[in-house]
Amino acid sequence: MITGNDITVNVVASIIASAILFAGGFIWGKYKERRRKFGRKLEEYDFYPFTVSRENFGEFNLNNFRLGMHYFLKNEDHTAAQQLIFIGEQNNVRGQLEPAEQKVYAQLFEKYDGKKIVDDTHEFLENYERIVRLIGKSFPNTGIEILLHNLADPAHSLITLENNVTGRHLRDGATNLLIDFKRRQLQNEDKLNYELNIGSRKFKCTSIPIRRKDFGIVGGICINIDAKYVTEEVLKDQARIESWFRNFLRTDMQLDENILSRDEYAKAQKGKRHFKDESV
């Protein structure tokens with residue numbers, strides 16, 4: 001015999017079960033909607049357009065790019081498609097595709113608003129432009145060059161240049177910098193404090209990649225010191241050494257500000273003159 005309590009329990013259980021199913025369906029629907037809207041990362045697809053050679057070099061794979069291009073025209077994935085476009089622009093894909101494929105790429109570029117991707121990257125690098133410019137202006141006439149590359153446009157990547165010692169110009173290309181950054185990323189290597197010898201010239205260099213969450217390496221800061229200028233011109237005589245150091249230590253203003261730790265501040269007040277002064 002079914003009692004009123006049994007009926008109540010069954011009704012409550014049915015309501016709870018329905019609510020759980022509804023909530024689960026709602027969450028799954030939201031998940032599917034998010035996946036449709038935001039998509040997957042490009043490296044989750046089999047046609048990721050970078051492969052690693054036997055020599056462990058990262059290489060752009062045009063065939064994989066073609067596969068991705070056609071796939072994202074038929075199957076919508078904004079995240080992965082925009083990453084594909086970004087890599088294509090980095091590797092001058094328009095110049096590598098056949099005329100018929102260039103039209104397909106133009107459709108992809110328009111469908112996923114490719115111009116905005118490139119413009120957004122330039123906006124992302126604006127603060128780095130200011131940093132590079134101000135650091136460069138702090139060391140004028142010292143043979144220390146600092147520059148910024150926008151690797152969304154490798155053919156015209158050089159967007160900021162201070163203390164020019166390499167003879168390059170704004171809008172010059174980045175040669176193999178992008179591929180080298182990607183290779184070193186795969187090998188977990190930094191590109192710090194390395195030597196370059198080009199003909200009779202010698203440089204001490206550091207290159208720092210700039211990464212953006214959704215697009216990987218989008219830029220690079222490079223510091224190039226003209227080693228031959230310092231060793232053969234600056235070190236020639238005392239007057240030139242003094243002139244170089246005056247430029248190196250030149251300031252434009254004086255501020256009343258403490259940058260020392262509490263202990264170092266106390267030692268400075270007692271007469272400590274520099275970080276290696278052990279007399280205090």
# chains A, B, ... in the order shown; residues from 1 in each chain; ligands from 1
$ residues_around --residues "A:Phe86" --least-positions-apart "2" --cutoff "10 Å" --atoms "only C-alpha atoms" --output "list in words"
Ala80, Ala81, Gln82, Gln83, Leu84, Gly88, Glu89, Gln90, Asn91, Phe109, Gly114, Lys115, Ile117, Val118, Thr121, Leu151, Ala152, Asp153, Phe215, Gly216 and Val218 of chain A
$ select_by_dssp --residues "stretch 23-258 of chain A" --states "helix (DSSP H, G or I)" --output "ChimeraX atom specification"
/A:23-38,42-44,62-74,78-90,93-95,99-111,114-124,126-137,154-156,177-186,227-236,238-249
$ closest_residue --among "A:Phe65, A:Ala100, A:Arg130, A:Ile144" --to "A:Asn247" --atoms "only C-alpha atoms"
A:Ile144
$ select_by_dssp --residues "stretch 24-142 of chain A" --states "strand (DSSP E or B)" --output "ChimeraX atom specification"
/A:50-52,58-60
$ closest_residue --among "A:His70, A:Asn150, A:Val280, A:Gln107" --to "A:Tyr265" --atoms "only C-alpha atoms"
A:Val280
$ closest_residue --among "A:Asp77, A:Glu59, A:Glu123, A:Glu242" --to "A:Lys41" --atoms "only C-alpha atoms"
A:Asp77
$ decode --residues "stretch 242-262 of chain A" --atoms "N, CA, C and O atoms" --output "compact mmCIF listing (two decimals), in the first residue's frame"
# COMPACT_ATOMS: atom_id res chain seq x y z
N GLU A 242 87.16 58.42 -20.59
CA GLU A 242 86.40 59.34 -19.73
C GLU A 242 85.14 59.84 -20.43
O GLU A 242 84.08 59.96 -19.81
N SER A 243 85.26 60.13 -21.74
CA SER A 243 84.10 60.60 -22.49
C SER A 243 83.02 59.53 -22.56
O SER A 243 81.83 59.81 -22.39
N TRP A 244 83.43 58.25 -22.78
CA TRP A 244 82.46 57.15 -22.85
C TRP A 244 81.72 57.01 -21.52
O TRP A 244 80.51 56.87 -21.49
N PHE A 245 82.49 57.06 -20.43
CA PHE A 245 81.85 56.89 -19.11
C PHE A 245 80.97 58.09 -18.76
O PHE A 245 79.95 57.93 -18.08
N ARG A 246 81.32 59.28 -19.23
CA ARG A 246 80.45 60.43 -18.99
C ARG A 246 79.10 60.22 -19.70
O ARG A 246 78.04 60.51 -19.14
N ASN A 247 79.15 59.71 -20.93
CA ASN A 247 77.89 59.39 -21.64
C ASN A 247 77.13 58.28 -20.94
O ASN A 247 75.90 58.35 -20.80
N PHE A 248 77.85 57.26 -20.49
CA PHE A 248 77.22 56.12 -19.85
C PHE A 248 76.54 56.53 -18.54
O PHE A 248 75.45 56.03 -18.22
N LEU A 249 77.14 57.45 -17.82
CA LEU A 249 76.62 57.84 -16.50
C LEU A 249 75.82 59.14 -16.54
O LEU A 249 75.37 59.62 -15.50
N ARG A 250 75.63 59.67 -17.73
CA ARG A 250 74.91 60.96 -17.85
C ARG A 250 73.48 60.84 -17.35
O ARG A 250 72.80 59.84 -17.59
N THR A 251 73.01 61.86 -16.64
CA THR A 251 71.62 61.92 -16.19
C THR A 251 70.99 63.24 -16.61
O THR A 251 71.69 64.21 -16.91
N ASP A 252 69.68 63.26 -16.64
CA ASP A 252 68.94 64.46 -17.05
C ASP A 252 68.28 65.17 -15.87
O ASP A 252 67.77 66.27 -16.02
N MET A 253 68.25 64.51 -14.71
CA MET A 253 67.63 65.13 -13.53
C MET A 253 68.13 64.43 -12.28
O MET A 253 68.76 63.37 -12.35
N GLN A 254 67.85 65.02 -11.12
CA GLN A 254 68.22 64.41 -9.84
C GLN A 254 66.98 64.33 -8.97
O GLN A 254 66.24 65.30 -8.83
N LEU A 255 66.75 63.15 -8.38
CA LEU A 255 65.57 62.94 -7.54
C LEU A 255 65.98 62.60 -6.11
O LEU A 255 67.06 62.04 -5.88
N ASP A 256 65.13 62.94 -5.16
CA ASP A 256 65.34 62.58 -3.76
C ASP A 256 64.54 61.32 -3.48
O ASP A 256 63.38 61.36 -3.08
N GLU A 257 65.17 60.16 -3.70
CA GLU A 257 64.45 58.89 -3.64
C GLU A 257 65.39 57.80 -3.16
O GLU A 257 66.58 57.81 -3.50
N ASN A 258 64.90 56.85 -2.35
CA ASN A 258 65.73 55.75 -1.87
C ASN A 258 65.39 54.46 -2.62
O ASN A 258 64.24 54.06 -2.68
N ILE A 259 66.42 53.80 -3.18
CA ILE A 259 66.21 52.52 -3.85
C ILE A 259 66.96 51.40 -3.12
O ILE A 259 66.96 50.26 -3.58
N LEU A 260 67.60 51.71 -1.98
CA LEU A 260 68.39 50.74 -1.24
C LEU A 260 67.55 49.99 -0.22
O LEU A 260 66.51 50.48 0.23
N SER A 261 68.03 48.81 0.15
CA SER A 261 67.42 48.10 1.27
C SER A 261 67.70 48.86 2.56
O SER A 261 68.53 49.78 2.59
N ARG A 262 67.04 48.47 3.65
CA ARG A 262 67.24 49.16 4.93
C ARG A 262 68.71 49.08 5.38
O ARG A 262 69.29 50.08 5.80
